[in-house]
$ cat protein_13.cif   # mmCIF, C-alpha atoms (C1' of nucleotides)
data_query
loop_
_atom_site.label_atom_id
_atom_site.label_comp_id
_atom_site.auth_asym_id
_atom_site.auth_seq_id
_atom_site.Cartn_x
_atom_site.Cartn_y
_atom_site.Cartn_z
CA MET A 2 -40.20 12.88 2.49
CA PRO A 3 -39.00 13.30 6.07
CA SER A 4 -38.40 16.82 7.30
CA PRO A 5 -34.65 16.71 8.08
CA GLN A 6 -33.81 16.02 4.47
CA ASN A 7 -30.53 17.90 4.50
CA ARG A 8 -29.22 15.90 7.41
CA GLY A 9 -30.56 12.74 5.79
CA ASN A 10 -28.90 13.38 2.46
CA HIS A 11 -25.69 14.33 4.14
CA GLN A 12 -25.49 11.00 5.95
CA SER A 13 -26.48 9.17 2.84
CA VAL A 14 -23.80 10.66 0.59
CA ARG A 15 -21.22 10.16 3.31
CA HIS A 16 -22.07 6.49 3.46
CA ILE A 17 -22.10 6.12 -0.29
CA ILE A 18 -18.61 7.56 -0.40
CA MET A 19 -17.41 5.26 2.38
CA ASP A 20 -18.96 2.15 0.84
CA THR A 21 -17.53 2.93 -2.57
CA ALA A 22 -14.11 3.72 -1.13
CA LEU A 23 -14.09 0.49 0.88
CA GLU A 24 -14.83 -1.46 -2.27
CA LEU A 25 -12.03 0.22 -4.20
CA PHE A 26 -9.50 0.29 -1.37
CA THR A 27 -9.86 -3.44 -0.77
CA GLY A 28 -10.08 -4.31 -4.46
CA ASN A 29 -7.21 -2.25 -5.79
CA GLY A 30 -5.44 -0.95 -2.70
CA TYR A 31 -5.53 2.46 -1.09
CA PHE A 32 -2.73 3.95 -3.15
CA ASN A 33 -4.01 2.62 -6.44
CA THR A 34 -7.37 4.21 -5.75
CA THR A 35 -7.60 7.86 -6.73
CA VAL A 36 -10.25 10.25 -5.48
CA HIS A 37 -11.29 10.42 -9.10
CA HIS A 38 -11.99 6.68 -9.08
CA ILE A 39 -14.16 7.04 -6.02
CA GLN A 40 -15.96 9.98 -7.58
CA LYS A 41 -16.68 8.05 -10.75
CA ALA A 42 -17.70 4.81 -9.04
CA ALA A 43 -19.96 6.62 -6.58
CA GLY A 44 -21.52 8.73 -9.32
CA ILE A 45 -20.84 12.02 -7.57
CA SER A 46 -18.43 14.88 -8.06
CA ILE A 47 -14.98 15.48 -6.61
CA GLY A 48 -16.21 18.65 -4.98
CA SER A 49 -18.88 16.71 -3.14
CA ILE A 50 -16.34 14.24 -1.79
CA TYR A 51 -14.13 17.04 -0.51
CA HIS A 52 -17.18 18.67 1.01
CA HIS A 53 -17.82 15.59 3.14
CA PHE A 54 -14.23 14.60 3.87
CA LYS A 55 -11.15 16.70 4.47
CA ASN A 56 -9.07 14.49 2.22
CA LYS A 57 -8.62 10.95 0.96
CA GLU A 58 -6.96 9.87 4.18
CA ALA A 59 -9.99 11.01 6.17
CA ILE A 60 -12.17 8.64 4.15
CA ALA A 61 -9.90 5.74 5.04
CA LYS A 62 -9.92 6.78 8.69
CA ALA A 63 -13.70 7.07 8.80
CA ILE A 64 -14.10 3.59 7.32
CA TYR A 65 -11.63 2.18 9.78
CA ASP A 66 -13.26 3.81 12.80
CA ALA A 67 -16.70 2.62 11.73
CA LEU A 68 -15.47 -0.94 11.37
CA ILE A 69 -13.71 -0.88 14.72
CA ASP A 70 -16.95 0.36 16.30
CA GLN A 71 -19.03 -2.31 14.58
CA MET A 72 -16.69 -5.09 15.64
CA SER A 73 -16.34 -3.82 19.19
CA GLN A 74 -20.10 -3.77 19.57
CA ALA A 75 -20.41 -7.29 18.18
CA ILE A 76 -17.73 -8.67 20.50
CA LEU A 77 -19.33 -6.91 23.44
CA ASN A 78 -22.66 -8.55 22.64
CA ILE A 79 -20.97 -11.93 22.46
CA MET A 80 -19.30 -11.38 25.84
CA GLN A 81 -22.66 -10.58 27.37
CA GLN A 82 -24.55 -13.44 25.77
CA HIS A 83 -22.12 -16.18 26.80
CA ASP A 84 -20.64 -17.02 30.15
CA SER A 85 -17.91 -19.59 29.61
CA THR A 86 -14.69 -18.76 27.82
CA LYS A 87 -15.26 -21.74 25.56
CA ASP A 88 -18.64 -20.49 24.37
CA ARG A 89 -17.36 -16.95 23.98
CA CYS A 90 -14.40 -17.99 21.86
CA ARG A 91 -16.57 -20.23 19.71
CA ALA A 92 -19.01 -17.39 19.19
CA VAL A 93 -16.24 -14.94 18.30
CA ILE A 94 -14.78 -17.24 15.67
CA SER A 95 -18.26 -17.91 14.34
CA TYR A 96 -18.86 -14.16 14.09
CA LEU A 97 -15.56 -13.58 12.29
CA PHE A 98 -16.41 -16.33 9.81
CA GLU A 99 -19.85 -14.86 9.14
CA LEU A 100 -18.42 -11.39 8.68
CA THR A 101 -15.90 -12.79 6.22
CA GLU A 102 -18.61 -14.55 4.24
CA ASN A 103 -21.19 -11.77 4.31
CA GLU A 104 -18.99 -8.69 4.13
CA PRO A 105 -15.60 -9.82 2.87
CA ARG A 106 -14.62 -6.24 2.02
CA LYS A 107 -14.92 -5.20 5.62
CA MET A 108 -12.92 -8.15 6.84
CA HIS A 109 -10.32 -7.58 4.15
CA TYR A 110 -9.96 -3.96 5.19
CA MET A 111 -9.49 -4.96 8.82
CA LEU A 112 -7.02 -7.77 8.30
CA HIS A 113 -5.16 -7.19 5.06
CA ALA A 114 -4.78 -3.44 4.93
CA ASN A 115 -1.60 -1.99 6.35
CA HIS A 116 -3.29 1.02 7.88
CA LYS A 117 -0.13 2.54 9.22
CA GLU A 118 0.95 3.05 5.63
CA PHE A 119 -1.88 5.47 4.93
CA ILE A 120 -3.26 6.50 8.31
CA PRO A 121 -0.48 8.16 10.33
CA ASP A 122 0.10 7.08 13.93
CA GLN A 123 -2.31 4.20 13.53
CA LYS A 124 -1.82 1.35 15.95
CA PRO A 125 -1.72 -2.09 14.34
CA VAL A 126 -5.13 -3.72 14.04
CA CYS A 127 -4.21 -6.38 16.56
CA SER A 128 -3.83 -3.64 19.18
CA SER A 129 -7.26 -2.19 18.43
CA VAL A 130 -10.15 -2.35 20.86
CA PRO A 131 -11.99 -5.39 19.45
CA PHE A 132 -8.82 -7.45 19.17
CA GLU A 133 -7.78 -6.48 22.68
CA MET A 134 -11.20 -7.61 23.84
CA ILE A 135 -10.74 -10.95 22.14
CA ALA A 136 -7.26 -11.34 23.59
CA SER A 137 -8.59 -10.58 27.09
CA MET A 138 -10.85 -13.62 26.96
CA VAL A 139 -7.96 -16.06 27.22
CA PRO A 140 -6.56 -15.05 30.64
CA ILE A 141 -10.11 -15.18 32.00
CA GLY A 142 -10.47 -18.74 30.78
CA MET A 143 -7.17 -19.60 32.42
CA THR A 144 -8.07 -18.23 35.85
CA ASN A 145 -11.43 -20.00 35.94
CA GLY A 146 -9.79 -23.27 34.94
CA GLU A 147 -11.13 -23.79 31.42
CA ILE A 148 -7.76 -23.40 29.73
CA LYS A 149 -4.44 -24.97 30.69
CA PRO A 150 -2.10 -22.64 32.51
CA MET A 151 0.34 -21.39 29.89
CA ASP A 152 1.57 -18.16 28.34
CA PRO A 153 -1.53 -16.07 27.50
CA ILE A 154 -0.18 -14.99 24.15
CA ALA A 155 0.68 -18.57 23.22
CA ALA A 156 -2.81 -19.66 24.20
CA SER A 157 -4.36 -16.81 22.25
CA VAL A 158 -2.57 -17.60 19.00
CA CYS A 159 -3.37 -21.29 19.41
CA LEU A 160 -7.03 -20.52 19.83
CA PHE A 161 -7.52 -17.88 17.15
CA GLY A 162 -4.53 -18.38 14.85
CA PRO A 163 -6.07 -21.20 12.82
CA ALA A 164 -9.34 -19.31 12.29
CA LEU A 165 -7.55 -16.11 11.29
CA ARG A 166 -5.33 -18.03 8.92
CA LEU A 167 -8.38 -19.63 7.33
CA ILE A 168 -9.97 -16.21 6.91
CA HIS A 169 -6.82 -15.00 5.18
CA LEU A 170 -6.93 -17.90 2.76
CA LYS A 171 -10.60 -17.26 2.06
CA LEU A 172 -10.03 -13.56 1.40
CA ASP A 173 -7.13 -14.40 -0.89
CA GLY A 174 -9.40 -16.66 -2.91
CA VAL A 175 -7.31 -19.72 -2.12
CA ILE A 176 -10.32 -21.59 -0.77
CA GLN A 177 -13.84 -21.48 -2.14
CA ARG A 178 -15.90 -23.54 0.25
CA PRO A 179 -17.79 -21.64 2.95
CA LEU A 180 -15.81 -21.20 6.16
CA SER A 181 -18.60 -22.75 8.20
CA GLU A 182 -17.66 -26.15 6.76
CA TYR A 183 -14.26 -25.89 8.43
CA PHE A 184 -15.53 -24.59 11.73
CA ASP A 185 -15.93 -27.79 13.74
CA GLU A 186 -12.63 -29.31 12.68
CA ILE A 187 -10.47 -26.32 13.46
CA TRP A 188 -12.36 -25.49 16.62
CA ASN A 189 -12.11 -29.01 18.00
CA ALA A 190 -8.42 -29.32 17.16
CA ALA A 191 -7.61 -25.93 18.71
CA TRP A 192 -9.66 -26.46 21.83
CA GLU A 193 -8.37 -29.98 22.37
CA GLY A 194 -4.85 -28.60 22.48
CA LEU A 195 -5.75 -26.01 25.13
CA ALA A 196 -8.50 -27.43 27.33
CA VAL A 197 -7.59 -28.67 30.79
CA MET B 118 41.22 -6.89 -6.62
CA PRO B 119 39.60 -9.75 -8.54
CA SER B 120 39.63 -9.51 -12.28
CA PRO B 121 35.87 -9.39 -13.09
CA GLN B 122 35.49 -6.15 -11.18
CA ASN B 123 32.73 -4.81 -13.38
CA ARG B 124 30.57 -7.86 -12.82
CA GLY B 125 31.41 -7.68 -9.13
CA ASN B 126 30.44 -4.04 -8.77
CA HIS B 127 27.30 -4.57 -10.79
CA GLN B 128 26.09 -7.30 -8.44
CA SER B 129 27.11 -5.26 -5.47
CA VAL B 130 25.19 -2.13 -6.42
CA ARG B 131 22.19 -4.22 -7.38
CA HIS B 132 22.16 -5.80 -3.96
CA ILE B 133 22.66 -2.50 -2.18
CA ILE B 134 19.63 -1.14 -4.00
CA MET B 135 17.56 -4.21 -3.15
CA ASP B 136 18.58 -4.20 0.51
CA THR B 137 17.87 -0.51 0.87
CA ALA B 138 14.55 -0.81 -0.90
CA LEU B 139 13.52 -3.75 1.28
CA GLU B 140 14.26 -1.68 4.36
CA LEU B 141 12.22 1.27 3.12
CA PHE B 142 9.38 -0.75 1.60
CA THR B 143 8.80 -2.65 4.83
CA GLY B 144 9.36 0.37 7.06
CA ASN B 145 7.26 2.92 5.23
CA GLY B 146 5.39 0.94 2.61
CA TYR B 147 6.01 0.60 -1.10
CA PHE B 148 3.93 3.59 -2.13
CA ASN B 149 5.36 5.87 0.53
CA THR B 150 8.85 5.04 -0.67
CA THR B 151 10.02 7.15 -3.60
CA VAL B 152 12.94 6.29 -5.81
CA HIS B 153 14.53 9.42 -4.39
CA HIS B 154 14.31 7.93 -0.91
CA ILE B 155 16.06 4.79 -2.09
CA GLN B 156 18.64 6.84 -3.91
CA LYS B 157 19.38 8.93 -0.84
CA ALA B 158 19.38 6.03 1.64
CA ALA B 159 21.60 3.91 -0.57
CA GLY B 160 24.00 6.79 -1.20
CA ILE B 161 23.87 6.45 -4.95
CA SER B 162 22.30 8.40 -7.77
CA ILE B 163 18.90 8.02 -9.32
CA GLY B 164 20.47 7.39 -12.69
CA SER B 165 22.33 4.44 -11.26
CA ILE B 166 19.15 2.91 -9.92
CA TYR B 167 17.46 3.17 -13.29
CA HIS B 168 20.53 1.69 -14.88
CA HIS B 169 20.16 -1.46 -12.79
CA PHE B 170 16.36 -1.68 -12.72
CA LYS B 171 13.77 -0.84 -15.33
CA ASN B 172 11.62 0.92 -12.76
CA LYS B 173 10.59 0.93 -9.11
CA GLU B 174 8.27 -2.01 -9.60
CA ALA B 175 11.13 -4.10 -10.96
CA ILE B 176 13.01 -3.54 -7.70
CA ALA B 177 10.03 -4.84 -5.73
CA LYS B 178 9.75 -7.83 -8.05
CA ALA B 179 13.45 -8.66 -7.77
CA ILE B 180 13.27 -8.57 -3.98
CA TYR B 181 10.20 -10.78 -4.00
CA ASP B 182 11.69 -13.33 -6.36
CA ALA B 183 14.90 -13.52 -4.36
CA LEU B 184 12.97 -14.12 -1.15
CA ILE B 185 10.80 -16.80 -2.73
CA ASP B 186 13.96 -18.53 -3.96
CA GLN B 187 15.63 -18.31 -0.57
CA MET B 188 12.60 -19.73 1.22
CA SER B 189 12.01 -22.47 -1.32
CA GLN B 190 15.58 -23.62 -0.93
CA ALA B 191 15.32 -23.61 2.85
CA ILE B 192 12.08 -25.61 2.83
CA LEU B 193 13.57 -28.06 0.36
CA ASN B 194 16.54 -28.61 2.66
CA ILE B 195 14.19 -29.23 5.56
CA MET B 196 12.20 -31.76 3.55
CA GLN B 197 15.41 -33.63 2.73
CA GLN B 198 16.82 -33.56 6.25
CA HIS B 199 13.73 -34.90 7.99
CA ASP B 200 11.61 -37.95 7.27
CA SER B 201 8.49 -37.70 9.41
CA THR B 202 5.84 -35.07 8.85
CA LYS B 203 6.07 -34.15 12.50
CA ASP B 204 9.77 -33.38 12.32
CA ARG B 205 9.39 -31.54 9.04
CA CYS B 206 6.62 -29.30 10.34
CA ARG B 207 8.54 -28.59 13.52
CA ALA B 208 11.60 -27.67 11.48
CA VAL B 209 9.60 -25.42 9.16
CA ILE B 210 8.08 -23.46 12.04
CA SER B 211 11.48 -23.24 13.67
CA TYR B 212 12.91 -21.87 10.43
CA LEU B 213 10.14 -19.30 10.07
CA PHE B 214 10.71 -18.15 13.64
CA GLU B 215 14.45 -17.80 13.08
CA LEU B 216 13.91 -15.88 9.86
CA THR B 217 11.54 -13.55 11.68
CA GLU B 218 14.07 -12.93 14.44
CA ASN B 219 17.15 -12.63 12.26
CA GLU B 220 15.73 -10.92 9.18
CA PRO B 221 12.40 -9.40 10.18
CA ARG B 222 12.37 -7.19 7.09
CA LYS B 223 12.35 -10.21 4.81
CA MET B 224 9.59 -11.89 6.77
CA HIS B 225 7.62 -8.66 6.84
CA TYR B 226 7.92 -8.32 3.10
CA MET B 227 6.71 -11.87 2.58
CA LEU B 228 3.78 -11.81 4.97
CA HIS B 229 2.58 -8.24 5.36
CA ALA B 230 3.07 -6.76 1.93
CA ASN B 231 0.10 -6.90 -0.42
CA HIS B 232 2.18 -7.61 -3.49
CA LYS B 233 -0.72 -7.65 -5.88
CA GLU B 234 -1.11 -3.96 -5.17
CA PHE B 235 2.24 -3.09 -6.67
CA ILE B 236 3.32 -6.14 -8.67
CA PRO B 237 0.72 -6.83 -11.37
CA ASP B 238 -0.62 -10.36 -11.81
CA GLN B 239 1.11 -11.50 -8.67
CA LYS B 240 -0.35 -14.56 -7.04
CA PRO B 241 -0.98 -14.25 -3.29
CA VAL B 242 1.98 -15.27 -1.19
CA CYS B 243 0.14 -18.28 0.16
CA SER B 244 -0.01 -19.66 -3.38
CA SER B 245 3.73 -19.23 -3.90
CA VAL B 246 6.10 -22.15 -4.23
CA PRO B 247 7.43 -22.30 -0.64
CA PHE B 248 3.96 -22.04 0.87
CA GLU B 249 2.64 -24.70 -1.49
CA MET B 250 5.54 -26.89 -0.38
CA ILE B 251 4.60 -26.36 3.24
CA ALA B 252 0.95 -27.09 2.53
CA SER B 253 1.87 -30.29 0.72
CA MET B 254 3.40 -31.72 3.90
CA VAL B 255 0.03 -32.14 5.59
CA PRO B 256 -1.62 -34.62 3.18
CA ILE B 257 1.57 -36.69 3.32
CA GLY B 258 1.31 -36.86 7.08
CA MET B 259 -2.29 -37.94 6.76
CA THR B 260 -1.64 -40.80 4.36
CA ASN B 261 1.20 -42.22 6.44
CA GLY B 262 -0.93 -42.07 9.56
CA GLU B 263 0.75 -39.32 11.57
CA ILE B 264 -2.14 -36.89 11.33
CA LYS B 265 -5.84 -37.56 11.89
CA PRO B 266 -7.87 -37.94 8.74
CA MET B 267 -9.54 -34.56 8.22
CA ASP B 268 -9.79 -31.78 5.66
CA PRO B 269 -6.22 -30.99 4.53
CA ILE B 270 -6.78 -27.25 4.61
CA ALA B 271 -8.25 -27.43 8.09
CA ALA B 272 -5.27 -29.47 9.24
CA SER B 273 -2.87 -27.06 7.60
CA VAL B 274 -4.27 -23.95 9.26
CA CYS B 275 -4.38 -25.76 12.62
CA LEU B 276 -0.74 -26.70 12.31
CA PHE B 277 0.71 -23.45 10.98
CA GLY B 278 -1.94 -20.87 11.85
CA PRO B 279 -0.77 -20.29 15.42
CA ALA B 280 2.86 -19.89 14.38
CA LEU B 281 2.02 -17.49 11.56
CA ARG B 282 -0.21 -15.48 13.88
CA LEU B 283 2.61 -15.25 16.39
CA ILE B 284 4.97 -14.05 13.67
CA HIS B 285 2.45 -11.36 12.72
CA LEU B 286 2.28 -10.15 16.31
CA LYS B 287 6.06 -10.10 16.54
CA LEU B 288 6.43 -8.13 13.31
CA ASP B 289 3.78 -5.67 14.50
CA GLY B 290 5.78 -5.09 17.66
CA VAL B 291 2.98 -6.40 19.85
CA ILE B 292 5.28 -8.93 21.50
CA GLN B 293 8.89 -8.40 22.46
CA ARG B 294 10.08 -11.76 23.75
CA PRO B 295 11.90 -13.98 21.26
CA LEU B 296 9.61 -16.33 19.37
CA SER B 297 11.65 -19.34 20.45
CA GLU B 298 10.23 -18.96 23.95
CA TYR B 299 6.75 -19.66 22.58
CA PHE B 300 7.77 -22.52 20.35
CA ASP B 301 7.14 -25.53 22.58
CA GLU B 302 3.80 -24.37 23.87
CA ILE B 303 2.25 -23.59 20.52
CA TRP B 304 3.78 -26.61 18.85
CA ASN B 305 2.55 -29.02 21.52
CA ALA B 306 -0.94 -27.53 21.55
CA ALA B 307 -1.21 -27.64 17.76
CA TRP B 308 0.19 -31.11 17.37
CA GLU B 309 -1.91 -32.52 20.19
CA GLY B 310 -5.03 -31.40 18.38
CA LEU B 311 -3.97 -33.13 15.14
CA ALA B 312 -1.97 -36.22 16.02
CA VAL B 313 -3.64 -39.59 15.71
"C1'" DG C 147 28.44 2.75 -14.97
"C1'" DT C 148 27.48 6.83 -12.50
"C1'" DC C 149 26.07 11.36 -12.19
"C1'" DT C 150 22.95 15.95 -12.39
"C1'" DA C 151 19.40 18.34 -14.25
"C1'" DT C 152 15.10 18.22 -16.09
"C1'" DA C 153 10.85 16.81 -18.55
"C1'" DC C 154 6.41 14.84 -18.04
"C1'" DT C 155 2.48 12.87 -15.89
"C1'" DC C 156 -1.06 12.69 -12.86
"C1'" DA C 157 -3.22 12.56 -8.36
"C1'" DG C 158 -4.67 15.57 -4.55
"C1'" DA C 159 -6.82 19.47 -3.44
"C1'" DT C 160 -9.09 24.18 -4.24
"C1'" DA C 161 -11.99 28.00 -6.24
"C1'" DG C 162 -15.97 29.68 -7.20
"C1'" DA C 163 -20.41 29.29 -9.98
"C1'" DC C 164 -24.92 27.40 -9.26
"C1'" DG D 264 -24.52 20.83 -0.95
"C1'" DT D 265 -23.09 19.80 -5.54
"C1'" DC D 266 -20.82 20.79 -9.56
"C1'" DT D 267 -16.83 21.82 -13.26
"C1'" DA D 268 -12.59 23.67 -14.18
"C1'" DT D 269 -8.18 24.40 -12.67
"C1'" DC D 270 -3.91 24.67 -9.99
"C1'" DT D 271 0.01 22.75 -7.69
"C1'" DG D 272 3.30 19.74 -6.16
"C1'" DA D 273 5.28 15.34 -6.04
"C1'" DG D 274 7.21 11.48 -8.07
"C1'" DT D 275 8.63 8.62 -12.09
"C1'" DA D 276 11.55 8.29 -15.58
"C1'" DT D 277 14.79 10.19 -19.19
"C1'" DA D 278 18.64 12.79 -21.45
"C1'" DG D 279 23.00 13.42 -21.91
"C1'" DA D 280 27.56 14.81 -19.79
"C1'" DC D 281 31.41 12.55 -17.67
#

$ encode --input "protein_13.cif" --output "structure tokens"
Amino acid sequence: MPSPQNRGNHQSVRHIIMDTALELFTGNGYFNTTVHHIQKAAGISIGSIYHHFKNKEAIAKAIYDALIDQMSQAILNIMQQHDSTKDRCRAVISYLFELTENEPRKMHYMLHANHKEFIPDQKPVCSSVPFEMIASMVPIGMTNGEIKPMDPIAASVCLFGPALRLIHLKLDGVIQRPLSEYFDEIWNAAWEGLAV
Amino acid sequence: MPSPQNRGNHQSVRHIIMDTALELFTGNGYFNTTVHHIQKAAGISIGSIYHHFKNKEAIAKAIYDALIDQMSQAILNIMQQHDSTKDRCRAVISYLFELTENEPRKMHYMLHANHKEFIPDQKPVCSSVPFEMIASMVPIGMTNGEIKPMDPIAASVCLFGPALRLIHLKLDGVIQRPLSEYFDEIWNAAWEGLAV
DNA sequence: GTCTATACTCAGATAGAC
DNA sequence: GTCTATCTGAGTATAGAC
């Protein structure tokens, strides 16, 4: 057993609480999930939860912050690994599809949850760092001549709107097939409408 | 004063409750809105609310059903007034934009609210009648040769995804300009990617 | 049909032993 | 750090007068 076992256990329980809460929040909704539900599902006591988090809201905030960090890092990597706007946008959509398939709870929490309803003074998700990063890719593509000159917001929704819509449908259980099977068709159609 | 004043008042109070609740539900969220809030904002008593509705959930359900009816009727009219898939889709997006501008609360309630969290056994909005009607337009356009042969779901998200994304951004307050200013650009880009 | 006052339930949070 | 037992307040819904 490693020496800093207290620190290790602390982190561990914290993550168990966050993982369990994410599952319940996305499955049943934040307000339908009681701290007692989390306690029972995580197999720990209420006292332990309140030892690690100030209150229920703090759990939701911690989950949200962790997801924002994870996504920001992923987008940053994509920006560094690709040079053209076209490749970057493709890679971003591909990443969002994979995240939806592999960790649908996380994607659900980012896209479906109305965070301002339970986290006070929360900016909408689309104004968060990772989404701002994604949005910033479009003007770049316009200045270097990859994308038609047009309103940046219009271009942005044309490029990412279809993919985000598809993710919504997947998370709602409306479609069953893996998102990757749709990738080429929606990417080609979107890019064809925007490319110079 | 018209003779059926009881019936008239009944309808009136019912609608006042629904309008007030819609305002509060979309502004603060369903779970953050207490029946006391509705009572106070509507300027009526709590007893009166429970006279007209079984409970808070029934108010939410009544609002939802009314909106679904209103949208279904509007889409039906559009289907009857236009023949080509292209014109129909244009008209639908135009209608959704106008609804967002003129009655943002209604649009917010349809798109942002996670109804399954407070209305049991509720299908997701995208499986509701008006959205099924919209989705049904795409295969029609494919069989009569207006739209490229491709996966119907892929085509559907390409056609309506950008518009829905734009509506989301508008409702979140991320964009201020009227949606009509974006219409041509996103419509042309989307249609260009799909048209034969 | 509308009102006020109130009963009841239960989720959020705390206290304090271990 | 974790636990059980408990408190408190808020919010839903009802009772019953008018």

$ residues_around --input "protein_13.cif" --residues "DC164 (chain C)" --least-positions-apart "5" --cutoff "12 Å" --atoms "all atoms listed in the file" --output "PyMOL selection string"
chain D and resi 264-267

$ residues_around --input "protein_13.cif" --residues "region 268-270 of chain D" --least-positions-apart "5" --cutoff "12 Å" --atoms "all atoms listed in the file" --output "MDAnalysis selection string"
(chainID A and resid 47:48) or (chainID C and resid 158:163)

$ interface_residues --input "protein_13.cif" --of "chain A" --to "chain D" --cutoff "8 Å" --atoms "only C-alpha atoms (C1' of nucleotides)" --output "MDAnalysis selection string"
chainID A and resid 46 48:49 52

$ residues_around --input "protein_13.cif" --residues "region 132-139 of chain A" --least-positions-apart "4" --cutoff "7 Å" --atoms "all atoms listed in the file" --output "list in words"
Thr86, Cys127, Ser128, Met143, Pro153, Ala156 and Ser157 of chain A

$ closest_atom_pairs --input "protein_13.cif" --of "chain C" --to "chain B" --cutoff "10 Å" --atoms "all atoms listed in the file" --output "Markdown table"
| residue | atom | partner | partner_atom | distance |
| --- | --- | --- | --- | --- |
| C:DG147 | C1' | B:Ser165 | CA | 7.3 |
| C:DT148 | C1' | B:Ser165 | CA | 5.8 |
| C:DC149 | C1' | B:Ser162 | CA | 6.5 |
| C:DT150 | C1' | B:Ser162 | CA | 8.9 |

$ closest_residue --input "protein_13.cif" --among "A:Asp84, A:Asp20, A:Asp185, A:Glu193" --to "chain B" --atoms "only C-alpha atoms"
A:Glu193

$ interface_residues --input "protein_13.cif" --of "chain B" --to "chain A" --cutoff "9 Å" --atoms "all atoms listed in the file" --output "PyMOL selection string"
chain B and resi 144-149+229-231+233-235+241+243-244+267-268+270-283+286+289-292+299-300+302-311

$ atom_distance --input "protein_13.cif" --atom1 "CA of Ile141 (chain A)" --atom2 "CA of Asn78 (chain A)"
17.0 Å

$ atom_distance --input "protein_13.cif" --atom1 "CA of Met19 (chain A)" --atom2 "CA of Ile64 (chain A)"
6.2 Å

$ atom_distance --input "protein_13.cif" --atom1 "CA of Gly258 (chain B)" --atom2 "CA of Lys223 (chain B)"
28.9 Å

$ residues_near_point --input "protein_13.cif" --point "(-17.1, -3.0, 4.7)" --cutoff "8 Å" --atoms "only C-alpha atoms (C1' of nucleotides)" --output "PyMOL selection string"
chain A and resi 20+23-24+64+68+104-108+110

$ closest_residue --input "protein_13.cif" --among "A:Lys149, A:Lys55, A:His116, A:His109" --to "Leu172 (chain A)" --atoms "only C-alpha atoms"
A:His109
